[in-house]
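Beneath this line is the structure, given in structure tokens, with notes to follow.
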Amino acid sequence: MIKIAVWASGSGSNAENIANYFADSEDVGVAYILTNNPKAGVIERAQRLGIPHQVFTNTQFREGTPVLNAMERAGIDWVVLGGFMRLVPANVVAAFPGKIINIHPALLPRHGGKGMYGHHVHEAVVAARDSESGITIHEVNEVYDEGQILFQASCPVTPEDTPQTVEAKVRALEQQYYPEVVASVVRK
């Protein structure tokens with residue numbers, strides 16, 4: 001069984017979507033959910049889904065070693081980021097070479113990098129008058145949003161769109177494609 005750890009900082013909608021996608025799988029499953037936010041909605045989702053979860057402090061995530069030790073104990077093979085708002089430490093990247101996946105709510109390389117997450121991205125898309133936005137699923141390295149691109153899907157952006165309407169379009173793409181892409185990548 002390929003064991004995935006999902007890291008999330010917020011509501012956990014991507015974590016739940018991925019866990020549900022693999023719920024009946026015999027070869028892949030979400031085995032662990034980690035968060036840096038003790039008030040994150042992902043905790044309630046993990047409890048409801050019966051998935052072991054743990055809250056680490058931002059210091060523990062930055063250091064990396066406590067997180068690596070916990071994932072080793074859980075037998076984790078892959079890390080999938082689902083709205084995790086911190087840079088993955090270099091020692092974690094080194095321990096999981098090519099085995100950390102992130103989803104970014106824009107078509108990288110546009111609107112990526114430190115501070116470009118959630119509504120900030122959608123505001124930038126609208127302000128730039130982009131004609132499209134979308135999602136980028138990529139490998140994680142030591143730099144925000146610069147890992148190898150694995151998949152992109154786009155949606156149109158019209159002059160009437162607001163950051164909120166762009167976000168809704170992008171979220172629909174996340175829900176549709178993220179689990180499928182994760183499945184295809186981890187099963188290679």
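Going by the structure tokens order, chains are called A, B, ..., each with residues numbered from 1, while ligands are numbered from 1 in the order shown.
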Contacts of Arg129 (chain A) within 9 Å, only C-alpha atoms, excl. fewer than 2 positions in-chain, as a PyMOL selection string: chain A and resi 124-127+131-132+157-159
Distance query region 76-85 of chain A at most 8 Å, only C-alpha atoms, self and fewer than 2 positions along chain excluded, as a PyMOL selection string: chain A and resi 2-10+12-15+31-32+35+71-74+87+96+99-103+117+182+186
Output file for the residues above (C-alpha atoms, as a PDB file, in the first residue's frame):
```
ATOM      1  CA  ILE A   2       1.294   3.430  -0.987  1.00  0.00           C
ATOM      2  CA  LYS A   3       0.798   5.723   2.003  1.00  0.00           C
ATOM      3  CA  ILE A   4       0.183   9.433   1.504  1.00  0.00           C
ATOM      4  CA  ALA A   5       0.510  12.179   4.104  1.00  0.00           C
ATOM      5  CA  VAL A   6      -1.519  15.283   3.329  1.00  0.00           C
ATOM      6  CA  TRP A   7      -0.296  18.587   4.751  1.00  0.00           C
ATOM      7  CA  ALA A   8      -2.908  21.327   5.103  1.00  0.00           C
ATOM      8  CA  SER A   9      -3.245  24.651   6.917  1.00  0.00           C
ATOM      9  CA  GLY A  10      -6.912  25.437   6.352  1.00  0.00           C
ATOM     10  CA  GLY A  12      -8.955  20.654   4.295  1.00  0.00           C
ATOM     11  CA  SER A  13     -11.258  20.404   1.283  1.00  0.00           C
ATOM     12  CA  ASN A  14      -8.430  19.060  -0.893  1.00  0.00           C
ATOM     13  CA  ALA A  15      -7.370  16.633   1.850  1.00  0.00           C
ATOM     14  CA  ALA A  31      -2.591   7.478   5.994  1.00  0.00           C
ATOM     15  CA  TYR A  32      -1.799  10.697   7.833  1.00  0.00           C
ATOM     16  CA  THR A  35      -1.297  20.662   9.948  1.00  0.00           C
ATOM     17  CA  MET A  71       6.056  10.419   8.913  1.00  0.00           C
ATOM     18  CA  GLU A  72       8.692   7.699   9.190  1.00  0.00           C
ATOM     19  CA  ARG A  73       6.759   6.108  12.072  1.00  0.00           C
ATOM     20  CA  ALA A  74       3.617   6.206   9.892  1.00  0.00           C
ATOM     21  CA  LEU A  87       7.718  26.426   2.701  1.00  0.00           C
ATOM     22  CA  PHE A  96      11.234  12.690  -0.247  1.00  0.00           C
ATOM     23  CA  LYS A  99       7.713  12.591  -3.892  1.00  0.00           C
ATOM     24  CA  ILE A 100       6.147  15.842  -2.677  1.00  0.00           C
ATOM     25  CA  ILE A 101       3.271  17.243  -4.726  1.00  0.00           C
ATOM     26  CA  ASN A 102       1.609  20.654  -4.455  1.00  0.00           C
ATOM     27  CA  ILE A 103      -1.320  22.325  -6.137  1.00  0.00           C
ATOM     28  CA  TYR A 117      -1.744  31.797  -2.190  1.00  0.00           C
ATOM     29  CA  VAL A 182      -2.003  12.423  -7.499  1.00  0.00           C
ATOM     30  CA  VAL A 186       2.128   7.997  -7.088  1.00  0.00           C
TER      31      VAL A 186
END
```
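Between CA of Asn36 (chain A) and CA of Asn141 (chain A) the interatomic distance comes to 19.2 Å.
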Selected residue of minimal separation from His120 (chain A) among A:Asp161, A:Asp27, A:Glu142, A:Glu167, counting only C-alpha atoms: A:Glu167
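You will find CA of Ala168 (chain A) at 12.7 Å from CA of Ser154 (chain A).
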Members of region 5-174 of chain A assigned strand (DSSP E or B) by DSSP, as a PyMOL selection string: chain A and resi 5-8+28-35+53-55+78-81+100-104+132-139+149-156
Among listed residues A:Ala40, A:Val143, A:Ala172, A:Ala183, nearest Phe22 (chain A) (using only C-alpha atoms): A:Ala183
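In this structure, CA of Glu146 (chain A) sits 12.8 Å away from CA of Gly98 (chain A).
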DSSP helix (DSSP H, G or I) residues within region 51-172 of chain A, listed as a PyMOL selection string: chain A and resi 58-63+65-74+90-95+118-127+163-172
Residues within 7 Å of His111 (chain A), only C-alpha atoms, excluding chain neighbours under 4 positions, as a PyMOL selection string: chain A and resi 106+116+121+124
